[in-house]
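Structure below is my_file.txt: compact mmCIF, C-alpha atoms.
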# COMPACT_ATOMS: atom_id res chain seq x y z
CA MET A 1 0.00 0.00 0.00
CA GLN A 2 2.79 2.43 0.89
CA PHE A 3 4.38 1.76 -2.51
CA ILE A 4 1.13 2.72 -4.26
CA VAL A 5 0.70 5.83 -2.09
CA ASP A 6 4.29 6.96 -2.75
CA LEU A 7 3.85 6.27 -6.46
CA LEU A 8 0.60 8.22 -6.82
CA SER A 9 1.79 11.13 -4.69
CA GLN A 10 4.49 12.02 -7.22
CA PRO A 11 3.13 14.29 -9.96
CA SER A 12 6.04 13.45 -12.27
CA ILE A 13 5.12 9.74 -12.12
CA ILE A 14 1.44 10.56 -12.68
CA ALA A 15 2.40 12.52 -15.79
CA GLY A 16 4.46 9.60 -17.09
CA LEU A 17 1.66 7.11 -16.41
CA VAL A 18 -0.93 9.31 -18.16
CA VAL A 19 1.28 9.50 -21.25
CA MET A 20 1.90 5.73 -21.14
CA VAL A 21 -1.83 4.93 -20.93
CA GLY A 22 -2.65 7.46 -23.65
CA LEU A 23 -0.03 6.13 -26.07
CA ILE A 24 -1.11 2.53 -25.41
CA ALA A 25 -4.71 3.57 -26.12
CA LEU A 26 -3.52 5.08 -29.42
CA LYS A 27 -1.80 1.73 -30.17
CA LYS A 28 1.59 3.34 -30.55
CA PRO A 29 4.69 1.11 -30.91
CA PHE A 30 6.34 -0.06 -27.70
CA THR A 31 9.38 2.16 -28.29
CA ASP A 32 7.14 5.26 -28.65
CA VAL A 33 5.28 4.38 -25.45
CA ILE A 34 8.47 3.99 -23.41
CA GLY A 35 10.11 7.06 -24.92
CA GLY A 36 7.06 9.28 -24.45
CA MET A 37 6.51 8.08 -20.90
CA PHE A 38 10.06 8.85 -19.80
CA ARG A 39 10.22 12.20 -21.63
CA ALA A 40 7.05 13.30 -19.84
CA PHE A 41 8.46 12.01 -16.54
CA ILE A 42 11.71 13.94 -17.08
CA GLY A 43 9.83 17.05 -18.21
CA PHE A 44 7.81 17.12 -15.00
CA VAL A 45 10.96 16.56 -12.93
CA VAL A 46 12.57 19.53 -14.70
CA LEU A 47 9.42 21.57 -14.05
CA LEU A 48 9.51 20.69 -10.34
CA ALA A 49 13.24 21.43 -10.18
CA GLY A 50 12.52 24.92 -11.48
CA THR A 51 9.75 25.33 -8.92
CA ASN A 52 12.05 24.21 -6.09
CA ILE A 53 14.72 26.71 -7.19
CA ILE A 54 12.14 29.51 -7.14
CA VAL A 55 10.71 28.49 -3.77
CA ALA A 56 14.18 28.23 -2.18
CA SER A 57 14.96 31.77 -3.31
CA LEU A 58 11.59 33.07 -2.08
CA ASN A 59 12.04 31.36 1.29
CA ASN A 60 15.36 33.19 1.77
CA PHE A 61 13.63 36.42 0.82
CA SER A 62 10.90 35.67 3.38
CA ARG A 63 13.48 35.15 6.16
CA LEU A 64 15.14 38.47 5.34
CA PHE A 65 11.75 40.18 5.13
CA MET A 66 10.65 39.01 8.59
CA LYS A 67 14.01 39.96 10.12
CA ALA A 68 14.12 43.32 8.37
CA PHE A 69 10.71 44.39 9.65
CA ASN A 70 10.81 42.48 12.97
CA MET A 71 7.48 40.71 12.45
CA HIS A 72 6.02 37.84 14.43
CA GLY A 73 2.64 36.20 13.98
CA MET A 74 1.01 33.37 12.08
CA ILE A 75 2.50 32.47 8.70
CA PRO A 76 0.17 30.88 6.11
CA SER A 77 2.08 28.06 4.44
CA ASN A 78 0.86 25.03 2.49
CA GLU A 79 3.98 23.09 3.42
CA ALA A 80 3.64 23.83 7.15
CA ALA A 81 -0.07 22.93 7.10
CA ILE A 82 0.71 19.63 5.38
CA GLY A 83 3.26 18.91 8.11
CA VAL A 84 0.66 19.42 10.84
CA THR A 85 -1.91 17.22 9.08
CA VAL A 86 0.45 14.37 8.18
CA ALA A 87 1.97 14.29 11.67
CA LYS A 88 -1.44 13.86 13.31
CA TYR A 89 -3.75 12.36 10.69
CA GLY A 90 -1.44 11.02 7.98
CA THR A 91 -3.32 7.75 7.40
CA ILE A 92 -6.66 9.45 6.86
CA ALA A 93 -5.15 12.06 4.52
CA THR A 94 -3.36 9.40 2.46
CA PHE A 95 -6.48 7.29 1.90
CA ILE A 96 -8.57 10.37 1.05
CA PHE A 97 -5.92 11.30 -1.52
CA VAL A 98 -5.81 7.87 -3.21
CA PHE A 99 -9.58 7.34 -3.34
CA GLY A 100 -10.11 10.97 -4.38
CA LEU A 101 -7.91 10.44 -7.46
CA ILE A 102 -9.93 7.34 -8.36
CA LEU A 103 -13.23 9.19 -7.94
CA ASN A 104 -11.89 11.99 -10.16
CA ILE A 105 -11.71 9.51 -13.06
CA VAL A 106 -15.08 7.94 -12.21
CA LEU A 107 -16.86 11.28 -11.98
CA ALA A 108 -15.21 12.54 -15.17
CA ARG A 109 -16.38 9.39 -16.94
CA PHE A 110 -20.01 9.51 -15.84
CA THR A 111 -20.82 13.23 -15.45
CA LYS A 112 -20.65 16.33 -17.65
CA PHE A 113 -17.47 17.49 -15.84
CA LYS A 114 -14.82 15.91 -18.08
CA TYR A 115 -11.80 17.25 -16.22
CA VAL A 116 -8.83 15.15 -15.09
CA PHE A 117 -6.75 16.84 -12.39
CA LEU A 118 -3.08 16.28 -13.28
CA SER A 119 -1.47 18.13 -10.35
CA SER A 120 -1.41 15.20 -7.95
CA ASP A 121 0.73 17.15 -5.48
CA HIS A 122 -2.04 19.73 -5.10
CA ALA A 123 -4.60 16.91 -4.90
CA PHE A 124 -2.63 15.60 -1.92
CA TYR A 125 -2.57 19.10 -0.41
CA MET A 126 -6.36 19.25 -0.69
CA ALA A 127 -6.67 15.81 0.92
CA CYS A 128 -4.64 17.18 3.82
CA CYS A 129 -6.94 20.22 3.97
CA ILE A 130 -10.11 18.10 4.00
CA THR A 131 -8.83 15.74 6.72
CA PRO A 132 -9.02 18.23 9.65
CA ILE A 133 -12.56 19.12 8.54
CA MET A 134 -13.61 15.51 9.02
CA VAL A 135 -11.84 15.34 12.38
CA LEU A 136 -13.46 18.60 13.50
CA GLY A 137 -16.87 17.11 12.66
CA GLY A 138 -16.20 14.13 14.95
CA LEU A 139 -16.10 11.48 12.22
CA ASN A 140 -14.16 8.28 12.88
CA THR A 141 -11.34 7.11 10.63
CA LEU A 142 -13.47 5.11 8.17
CA GLU A 143 -16.13 7.83 7.93
CA SER A 144 -13.46 10.47 7.40
CA ILE A 145 -11.94 8.49 4.52
CA ILE A 146 -15.28 7.77 2.82
CA PHE A 147 -16.81 11.24 3.02
CA GLY A 148 -13.49 13.06 2.62
CA SER A 149 -12.79 11.13 -0.60
CA MET A 150 -16.23 12.00 -1.94
CA ILE A 151 -15.59 15.70 -1.37
CA LEU A 152 -12.09 15.53 -2.89
CA GLY A 153 -13.29 13.70 -6.01
CA VAL A 154 -15.86 16.43 -6.70
CA ILE A 155 -13.34 19.20 -6.06
CA LEU A 156 -10.90 17.65 -8.55
CA ILE A 157 -13.43 17.82 -11.40
CA THR A 158 -15.15 21.12 -10.58
CA PHE A 159 -12.27 23.50 -9.95
CA PRO A 160 -10.70 23.01 -13.41
CA ALA A 161 -14.23 23.66 -14.73
CA ILE A 162 -14.25 27.01 -12.90
CA ALA A 163 -10.91 27.97 -14.46
CA HIS A 164 -11.67 26.68 -17.95
CA PRO A 165 -13.52 29.71 -19.46
CA THR A 166 -10.66 32.09 -18.67
CA MET A 167 -8.08 29.49 -19.69
CA LYS A 168 -9.68 29.51 -23.16
CA ILE A 169 -9.02 33.25 -23.37
CA ILE A 170 -5.45 32.96 -22.09
CA THR A 171 -4.36 30.00 -24.23
CA GLY A 172 -6.74 30.27 -27.18
CA ARG A 173 -7.42 26.55 -26.75
CA ASP A 174 -10.47 24.58 -25.61
CA ASP A 175 -8.63 21.35 -24.80
CA MET A 176 -6.82 22.35 -21.62
CA SER A 177 -7.64 23.72 -18.18
CA PHE A 178 -5.92 24.52 -14.94
CA ALA A 179 -5.21 22.43 -11.84
CA HIS A 180 -4.04 24.60 -8.97
CA PHE A 181 -5.87 25.38 -5.75
CA GLY A 182 -5.76 29.12 -6.02
CA THR A 183 -8.60 28.78 -8.54
CA LEU A 184 -11.19 30.84 -6.67
CA GLU A 185 -8.76 33.77 -6.48
CA TYR A 186 -8.01 33.43 -10.20
CA TRP A 187 -11.72 33.27 -11.05
CA PHE A 188 -12.29 36.31 -8.84
CA ALA A 189 -9.49 38.23 -10.57
CA ALA A 190 -10.99 37.38 -13.98
CA LYS A 191 -14.41 38.61 -12.85
CA ILE A 192 -12.92 41.82 -11.48
CA GLY A 193 -11.09 42.26 -14.79
CA SER A 194 -14.37 41.98 -16.72
CA MET A 195 -16.01 44.54 -14.42
CA VAL A 196 -13.27 47.18 -14.67
CA ASN A 197 -12.75 46.76 -18.41
CA LYS A 198 -16.28 46.83 -19.80
CA ASP A 199 -15.21 49.10 -22.65
CA LYS A 200 -12.37 46.67 -23.54
CA LYS A 201 -9.92 49.58 -23.80
CA SER A 202 -7.41 48.47 -21.17
CA LYS A 203 -4.39 47.00 -22.99
CA SER A 204 -2.63 43.83 -21.94
CA ILE A 205 0.05 44.32 -19.33
CA GLU A 206 2.33 42.22 -21.52
CA ASP A 207 2.14 44.89 -24.27
CA ILE A 208 3.89 47.58 -22.25
CA GLN A 209 6.21 49.42 -24.63
CA PHE A 210 9.59 50.31 -23.18
CA PRO A 211 11.70 53.28 -24.39
CA LYS A 212 14.65 52.29 -26.60
CA SER A 213 17.01 52.87 -23.68
CA LEU A 214 15.02 50.29 -21.70
CA GLU A 215 14.35 47.75 -24.45
CA PHE A 216 16.44 45.19 -22.58
CA LEU A 217 13.52 44.96 -20.11
CA GLN A 218 11.42 43.30 -22.81
CA ASP A 219 13.52 40.21 -22.23
CA SER A 220 11.46 38.59 -19.48
CA ASN A 221 14.50 36.90 -17.93
CA VAL A 222 16.28 40.25 -17.61
CA SER A 223 13.27 42.10 -16.17
CA VAL A 224 12.64 39.35 -13.60
CA MET A 225 16.30 39.41 -12.59
CA ILE A 226 16.36 43.20 -12.15
CA VAL A 227 13.16 43.37 -10.08
CA MET A 228 14.23 40.52 -7.79
CA THR A 229 17.73 42.05 -7.39
CA ILE A 230 16.19 45.32 -6.21
CA LEU A 231 13.89 43.51 -3.76
CA PHE A 232 16.72 41.34 -2.37
CA PHE A 233 19.05 44.34 -1.99
CA VAL A 234 16.39 46.30 -0.07
CA VAL A 235 15.62 43.56 2.48
CA THR A 236 19.32 42.68 2.79
CA ALA A 237 20.16 46.31 3.61
CA VAL A 238 17.38 46.58 6.20
CA ALA A 239 17.99 43.16 7.79
CA GLY A 240 21.68 43.97 8.16
CA PRO A 241 24.85 42.06 7.20
CA GLU A 242 25.05 40.38 10.62
CA TYR A 243 21.85 38.44 9.97
CA VAL A 244 22.76 37.60 6.37
CA GLU A 245 26.05 36.12 7.62
CA LYS A 246 23.97 33.44 9.35
CA LEU A 247 22.65 32.35 5.95
CA THR A 248 25.85 32.48 3.88
CA ASP A 249 29.63 32.90 3.98
CA LEU A 250 29.50 35.26 0.98
CA ASN A 251 29.34 39.03 1.03
CA PRO A 252 25.64 39.87 1.77
CA TYR A 253 25.11 41.76 -1.49
CA VAL A 254 26.90 39.17 -3.61
CA TRP A 255 24.65 36.56 -2.01
CA ALA A 256 21.57 38.73 -2.64
CA LEU A 257 22.54 39.10 -6.30
CA LEU A 258 22.97 35.33 -6.63
CA GLN A 259 19.58 34.74 -5.00
CA ALA A 260 17.94 37.00 -7.57
CA ALA A 261 19.77 35.16 -10.37
CA GLN A 262 18.70 31.84 -8.87
CA PHE A 263 15.09 32.98 -8.94
CA ALA A 264 15.31 34.07 -12.60
CA GLY A 265 17.12 30.84 -13.49
CA GLY A 266 14.37 28.86 -11.77
CA ILE A 267 11.80 30.46 -14.09
CA ILE A 268 13.85 29.41 -17.14
CA VAL A 269 14.16 25.82 -15.90
CA LEU A 270 10.46 25.69 -15.09
CA VAL A 271 9.40 26.87 -18.57
CA GLN A 272 11.73 24.33 -20.20
CA GLY A 273 10.09 21.56 -18.17
CA VAL A 274 6.64 22.76 -19.21
CA ASN A 275 7.60 22.64 -22.87
CA MET A 276 8.94 19.09 -22.54
CA LEU A 277 5.82 17.95 -20.68
CA LEU A 278 3.34 19.45 -23.16
CA THR A 279 5.17 17.98 -26.14
CA GLU A 280 4.48 14.48 -24.79
CA ILE A 281 1.29 14.77 -22.80
CA THR A 282 -0.89 16.66 -25.29
CA PRO A 283 -1.02 13.96 -28.03
CA ALA A 284 -1.03 11.14 -25.47
CA PHE A 285 -3.98 12.65 -23.63
CA LYS A 286 -6.04 12.33 -26.81
CA GLY A 287 -5.77 8.55 -26.54
CA PHE A 288 -6.43 8.63 -22.80
CA SER A 289 -9.61 10.66 -23.27
CA GLU A 290 -10.93 8.62 -26.20
CA LYS A 291 -10.62 5.28 -24.42
CA ILE A 292 -11.20 6.07 -20.73
CA VAL A 293 -12.87 9.48 -20.35
CA PRO A 294 -14.35 10.60 -23.70
CA ASN A 295 -13.77 14.31 -24.36
CA ALA A 296 -11.58 14.63 -21.27
CA VAL A 297 -9.92 17.99 -20.59
CA PRO A 298 -6.60 17.83 -18.71
CA GLY A 299 -6.09 20.21 -15.80
CA TYR A 300 -2.44 21.22 -16.04
CA PRO A 301 -0.17 22.51 -13.23
CA PHE A 302 0.30 26.25 -12.65
CA ALA A 303 3.54 26.46 -14.65
CA ILE A 304 1.59 26.03 -17.89
CA LEU A 305 0.92 29.78 -17.72
CA PHE A 306 4.44 31.02 -17.01
CA LYS A 307 5.59 31.35 -20.61
CA GLY A 308 5.28 34.89 -21.98
CA THR A 309 3.60 36.34 -18.88
CA SER A 310 6.51 37.88 -16.99
CA ASN A 311 4.96 41.35 -16.68
CA ALA A 312 1.75 39.96 -15.19
CA LEU A 313 3.64 37.63 -12.85
CA LEU A 314 5.79 40.40 -11.42
CA ALA A 315 2.98 42.96 -11.23
CA GLY A 316 0.65 40.45 -9.59
CA PHE A 317 3.29 39.46 -7.06
CA LEU A 318 4.01 43.05 -6.07
CA VAL A 319 0.39 44.25 -5.76
CA SER A 320 -0.64 41.07 -3.93
CA LEU A 321 2.25 41.61 -1.51
CA LEU A 322 1.12 45.23 -1.12
CA GLY A 323 -2.34 43.96 -0.22
CA GLY A 324 -0.80 41.63 2.35
CA LEU A 325 1.26 44.44 3.89
CA LEU A 326 -1.77 46.72 4.05
CA SER A 327 -3.77 43.97 5.76
CA MET A 328 -0.97 43.40 8.25
CA GLY A 329 -1.06 47.10 9.11
CA ILE A 330 -4.82 46.92 9.69
CA GLN A 331 -4.39 43.84 11.90
CA ILE A 332 -1.78 45.64 13.99
CA ILE A 333 -4.14 48.61 14.43
CA ILE A 334 -7.20 46.55 15.41
CA GLY A 335 -5.17 44.23 17.63
CA THR A 336 -5.85 40.86 16.01
CA THR A 337 -3.33 38.11 15.28
CA ILE A 338 -0.92 39.32 12.58
CA VAL A 339 -0.87 37.31 9.35
CA ILE A 340 2.68 37.70 8.06
CA PRO A 341 2.69 37.92 4.24
CA GLY A 342 3.77 34.61 2.74
CA ILE A 343 6.15 35.55 -0.06
CA VAL A 344 5.69 32.22 -1.88
CA MET A 345 1.91 32.61 -1.76
CA HIS A 346 1.94 36.20 -3.00
CA PHE A 347 4.27 35.34 -5.88
CA PHE A 348 2.45 32.29 -7.20
CA CYS A 349 -1.16 33.17 -6.35
CA GLY A 350 -0.79 36.90 -6.96
CA GLY A 351 1.13 36.35 -10.19
CA ILE A 352 -1.34 33.84 -11.61
CA ALA A 353 -4.30 35.99 -10.51
CA ALA A 354 -2.74 38.81 -12.55
CA ILE A 355 -2.56 36.53 -15.61
CA PHE A 356 -6.29 35.75 -15.24
CA GLY A 357 -7.18 39.39 -14.52
CA ASN A 358 -5.12 40.54 -17.50
CA ALA A 359 -6.96 38.10 -19.79
CA THR A 360 -10.33 39.75 -19.10
CA GLY A 361 -9.38 43.22 -17.88
CA GLY A 362 -6.00 44.11 -19.30
CA ARG A 363 -3.68 46.14 -17.08
CA LYS A 364 -6.51 47.17 -14.74
CA GLY A 365 -7.51 43.55 -14.14
CA ALA A 366 -3.89 42.50 -13.71
CA LEU A 367 -3.46 44.97 -10.83
CA ILE A 368 -6.82 45.21 -9.06
CA GLY A 369 -7.63 41.48 -8.83
CA PRO A 370 -4.36 40.35 -7.20
CA PHE A 371 -4.39 43.34 -4.83
CA LEU A 372 -7.86 42.46 -3.53
CA GLY A 373 -6.89 38.78 -3.43
CA GLY A 374 -3.85 39.61 -1.31
CA ILE A 375 -6.12 41.34 1.20
CA ILE A 376 -8.69 38.53 1.35
CA LEU A 377 -6.00 35.87 1.81
CA SER A 378 -4.57 37.87 4.71
CA PHE A 379 -7.81 37.61 6.69
CA LEU A 380 -9.25 34.18 5.83
CA PRO A 381 -6.53 32.31 7.79
CA LEU A 382 -7.63 34.17 10.94
CA VAL A 383 -11.09 32.58 10.64
CA ALA A 384 -9.56 29.19 9.86
CA THR A 385 -7.22 29.17 12.85
CA GLY A 386 -10.22 30.03 15.03
CA LEU A 387 -11.79 26.77 13.84
CA TYR A 388 -8.74 24.51 13.68
CA GLY A 389 -6.50 25.97 16.39
CA PRO A 390 -7.20 23.06 18.79
CA LEU A 391 -6.14 20.62 16.04
CA GLY A 392 -2.66 22.16 15.77
CA PHE A 393 -3.29 25.04 13.36
CA SER A 394 -2.74 27.97 15.70
CA ALA A 395 0.52 29.31 14.19
CA THR A 396 -0.06 28.38 10.54
CA TYR A 397 -2.75 27.44 8.05
CA TRP A 398 -3.04 26.97 4.29
CA SER A 399 -2.06 29.93 2.16
CA ASP A 400 -3.95 29.50 -1.14
CA SER A 401 -7.55 30.62 -1.70
CA ASP A 402 -9.24 27.26 -2.31
CA PHE A 403 -7.82 25.65 0.83
CA ASN A 404 -8.87 28.64 2.91
CA THR A 405 -12.35 28.91 1.41
CA ILE A 406 -13.14 25.20 1.65
CA GLY A 407 -11.55 24.98 5.10
CA VAL A 408 -13.65 27.85 6.43
CA LEU A 409 -16.99 26.97 4.78
CA LEU A 410 -16.92 23.24 5.49
CA GLY A 411 -15.26 23.89 8.86
CA LEU A 412 -18.28 25.93 9.92
CA VAL A 413 -20.52 23.02 8.87
CA ALA A 414 -18.32 20.50 10.70
CA LYS A 415 -18.39 22.69 13.79
CA ALA A 416 -22.14 22.07 13.92
CA GLY A 417 -21.57 18.33 14.34
CA ARG A 418 -21.11 14.95 12.72
CA LEU A 419 -24.44 14.71 10.88
CA PRO A 420 -24.25 18.11 9.13
CA ILE A 421 -20.82 17.41 7.61
CA ILE A 422 -21.92 13.94 6.45
CA ILE A 423 -25.00 15.45 4.79
CA ALA A 424 -22.84 18.16 3.22
CA ALA A 425 -20.42 15.54 1.81
CA VAL A 426 -23.28 13.50 0.29
CA VAL A 427 -24.90 16.60 -1.24
CA ILE A 428 -21.56 17.75 -2.69
CA PHE A 429 -21.00 14.31 -4.23
CA LEU A 430 -24.47 14.28 -5.82
CA VAL A 431 -24.16 17.76 -7.36
CA PRO A 432 -22.19 16.68 -10.50
CA PHE A 433 -24.72 13.92 -11.23
CA ILE A 434 -27.69 16.26 -10.73
CA ALA A 435 -26.04 18.91 -12.91
CA THR A 436 -25.48 16.27 -15.62
CA ILE A 437 -29.11 15.11 -15.53
CA VAL A 438 -30.39 18.69 -15.72
CA SER A 439 -27.99 19.48 -18.57
CA ASN A 440 -29.09 16.39 -20.54
CA LYS A 441 -32.77 17.28 -20.09
CA LYS A 442 -32.11 20.80 -21.37
CA LYS A 443 -30.35 19.38 -24.44
CA VAL A 444 -33.30 17.06 -25.17
CA SER A 445 -35.78 19.90 -24.67
CA THR A 446 -33.79 22.23 -26.95
CA SER A 447 -33.55 19.52 -29.59
CA LEU A 448 -37.30 18.90 -29.55
CA THR A 449 -38.01 22.65 -29.70
CA ASN A 450 -35.75 23.07 -32.73
CA LYS A 451 -37.55 20.25 -34.52

So that I can check it, write out the structure of this file as structure tokens.
Amino acid sequence: MQFIVDLLSQPSIIAGLVVMVGLIALKKPFTDVIGGMFRAFIGFVVLLAGTNIIVASLNNFSRLFMKAFNMHGMIPSNEAAIGVTVAKYGTIATFIFVFGLILNIVLARFTKFKYVFLSSDHAFYMACCITPIMVLGGLNTLESIIFGSMILGVILITFPAIAHPTMKIITGRDDMSFAHFGTLEYWFAAKIGSMVNKDKKSKSIEDIQFPKSLEFLQDSNVSVMIVMTILFFVVTAVAGPEYVEKLTDLNPYVWALLQAAQFAGGIIVLVQGVNMLLTEITPAFKGFSEKIVPNAVPGYPFAILFKGTSNALLAGFLVSLLGGLLSMGIQIIIGTTIVIPGIVMHFFCGGIAAIFGNATGGRKGALIGPFLGGIILSFLPLVATGLYGPLGFSATYWSDSDFNTIGVLLGLVAKAGRLPIIIAAVVIFLVPFIATIVSNKKKVSTSLTNK
């Protein structure tokens, strides 16, 4: 069992297996199947390596940031929240994860929601988010696994559906969606973009024209490097060389420069991995969908959007961080627990929210959506820790919007007792089937009317 769990918890292996199944379904030669499987596997590993490089750089920035401004409080962090869940309820979370992945395929096969969630790492994160909800409701181990899996399976097919309309605008394609649990923030940013750009006059943030003397900034790698160098130099100067010496033997500013370069290099590695993955998984998924889930739409990891969106990524990061800093100031004034801005969260969630906001609202959407999202995500964890504090989540909670929203909404239901959360899980599981039945009846009615 542990072998299966370890196997399915690795997104790179999932990607390889999907390609293998797809190519077998297309009746490709054995050599093509093996080659495609391993190229997809390697591509995802390269993608994750780029992500790890970026996160390592951002974590160092976060340490400097907290030291520079002498902040203490709760720190939203997906990784920390996973640690709390696995340490206390690892068995429940693992079974919810495995059965949730299976239900994703079953639900995609038999309902109108034809989405297959390919980010198995985020699926595991969501399993770890759902587990404390079940525990809070007083469910035993078996009940937690059954009803938690039902909720996860539905989440895995519906959240890519929420992202899909905007993904069509961003990519110009109908055959791909998004699998990352900041989806509600991205959807919100897209809606805000539509509201502030009704006249469609706001230009894309990616179309910013630089003066000839600044044309080098149009190279996304250069612009990312320069912005991150400035940010690292500022926090290094404020934190002081004495603190930086605890992190490195190098001169503080040489180290800061290398951290900025590491971040920019991580983006390059990540994009290369995405290109390798898409080259293999796109044709293979055609076979997978035809044989197992007809008309399936893959939900790809967040990095699918990182190519050609450097302006939105940086702008979204900065305005989301600004929203987090503003919220922290408000929390200090009103005397609540301080939510220290999570740099990793603000970069990934704020940056991607800007991409979605830019798709519908141009520059206005790219700035307003992530800013409001940064504020919301600085207050939701306060509600969540009020619910889950006794379960070990007093100093940290999840950082991304979907974890926070689901944790708070279902946590309030679970707080009411065992029966309400069981009823909620059953209702959630039935929704895709009911929606499919209603949709089919509408199609039949429309067809008869046309005749």

Q: Write out as a PyMOL selection string each polymer residue whose atoms come within 6 Å of range 395-411 of chain A, counting all atoms listed in the file; drop sequence neighbours fewer than 2 positions from it.
A: chain A and resi 74-78+81+133+181-182+184-185+384+393+413-415

Around the point (-9.1, 17.7, -16.5) in the file's coordinates, collect all residues with an atom within 6 Å, using all atoms listed in the file, and return them as a ChimeraX atom specification. /A:115-117,297-299

The residue from A:Ala123, A:Met228, A:Cys128, A:Ile292 with the smallest atom-to-atom distance to Ile105 in chain A, counting only C-alpha atoms, is A:Ile292

Point to revise | CA of Met195 in chain A to CA of Gly357 in chain A, straight-line distance in Å | key: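 Spanning CA of Gly357 in chain A to CA of Met195 in chain A is a straight-line distance of 10.2 Å.
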
Counting all atoms listed in the file, which residues in range 43-152 of chain A sit no more than 8 Å from range 10-34 of chain A? For each one, give the nearest pair of atoms and the distance in Å, sorted by chain then residue number, as CSV.
residue,atom,partner,partner_atom,distance
A:Gly43,CA,A:Ser12,CA,7.9
A:Phe44,CA,A:Ser12,CA,4.9
A:Val45,CA,A:Ser12,CA,5.9
A:Leu118,CA,A:Ala15,CA,7.1
A:Ser119,CA,A:Pro11,CA,6.0
A:Ser120,CA,A:Pro11,CA,5.0
A:Asp121,CA,A:Pro11,CA,5.8

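Of note, CA of His180 in chain A and CA of Phe3 in chain A are spaced 25.2 Å apart.
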
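Between CA of Phe317 in chain A and CA of His346 in chain A lies a distance of 5.4 Å.
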
Mind checking which residues fall within 7 Å of Gly369 in chain A, counting all atoms listed in the file, ignoring those fewer than 4 positions away in the same chain, and posting them as number ranges by chain? A: 188-189, 192-193, 353-354, 357, 365, 373

Next on the checklist: Need to verify the contact set: Tyr388 in chain A, 8 Å, all atoms listed in the file, exclusion of same-chain residues closer than 6 positions in sequence. Can you return it as a list in words?
Outcome noted: Pro132, Leu136 and Ser394 of chain A

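Distance annotation: of A:Gly240, A:Gly153, A:Gly351, A:Gly324, the residue with the minimal separation from Leu430 in chain A is A:Gly153; atom set is all atoms listed in the file.
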
Residue nearest Val84 in chain A among A:Leu103, A:Leu391, A:Asn60, A:Ile428 (counting all atoms listed in the file):
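Among A:Leu103, A:Leu391, A:Asn60, A:Ile428, it is A:Leu391 that comes nearest to Val84 in chain A.
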
Determine, counting all atoms listed in the file, which protein, DNA and RNA residues have an atom within 9 Å of an atom of range 138-141 of chain A; residues of the same chain fewer than 4 positions away are not included. Present the result as an mmCIF file with C-alpha atoms, keeping the file's coordinate frame.
data_model
loop_
_atom_site.group_PDB
_atom_site.id
_atom_site.type_symbol
_atom_site.label_atom_id
_atom_site.label_comp_id
_atom_site.auth_asym_id
_atom_site.auth_seq_id
_atom_site.Cartn_x
_atom_site.Cartn_y
_atom_site.Cartn_z
ATOM 1 C CA THR A 91 -3.320 7.750 7.400
ATOM 2 C CA ILE A 92 -6.660 9.450 6.860
ATOM 3 C CA ILE A 133 -12.560 19.120 8.540
ATOM 4 C CA MET A 134 -13.610 15.510 9.020
ATOM 5 C CA ILE A 145 -11.940 8.490 4.520
ATOM 6 C CA ILE A 146 -15.280 7.770 2.820
ATOM 7 C CA ALA A 414 -18.320 20.500 10.700
ATOM 8 C CA LYS A 415 -18.390 22.690 13.790
ATOM 9 C CA GLY A 417 -21.570 18.330 14.340
ATOM 10 C CA ARG A 418 -21.110 14.950 12.720
ATOM 11 C CA ILE A 421 -20.820 17.410 7.610
ATOM 12 C CA ILE A 422 -21.920 13.940 6.450
#

Could you pull out every residue with an atom within 8 Å of (2.6, 45.4, -16.9), file coordinates, counting only C-alpha atoms, and send them as a ChimeraX atom specification?
/A:204-208,311-312,315,363,366

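Closest approach to Phe113 in chain A from the set A:Phe65, A:Tyr125, A:Phe159, A:Phe302 is made by A:Phe159, with distances taken over all atoms listed in the file.
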
- Any idea what's packed within 12 Å of Asn70 in chain A, counting all atoms listed in the file, ignoring anything in its chain fewer than 4 positions away? Could you give it as an MDAnalysis selection string? chainID A and resid 62:66 235 238:240 340

Using the partial input, fill out range 226-232 of chain A with N, CA and C atoms; write the result as a CSV table (one decimal), in the coordinates of the input.
chain,number,residue,atom,x,y,z
A,226,ILE,N,16.2,41.8,-12.7
A,226,ILE,CA,16.4,43.2,-12.2
A,226,ILE,C,15.4,43.5,-11.0
A,227,VAL,N,14.1,43.1,-11.1
A,227,VAL,CA,13.2,43.4,-10.1
A,227,VAL,C,13.5,42.6,-8.8
A,228,MET,N,13.9,41.3,-9.0
A,228,MET,CA,14.2,40.5,-7.8
A,228,MET,C,15.5,41.0,-7.1
A,229,THR,N,16.5,41.5,-8.0
A,229,THR,CA,17.7,42.0,-7.4
A,229,THR,C,17.4,43.3,-6.5
A,230,ILE,N,16.6,44.1,-7.0
A,230,ILE,CA,16.2,45.3,-6.2
A,230,ILE,C,15.5,44.9,-4.9
A,231,LEU,N,14.6,44.0,-5.0
A,231,LEU,CA,13.9,43.5,-3.8
A,231,LEU,C,14.9,42.9,-2.8
A,232,PHE,N,15.8,42.0,-3.3
A,232,PHE,CA,16.7,41.3,-2.4
A,232,PHE,C,17.7,42.4,-1.7
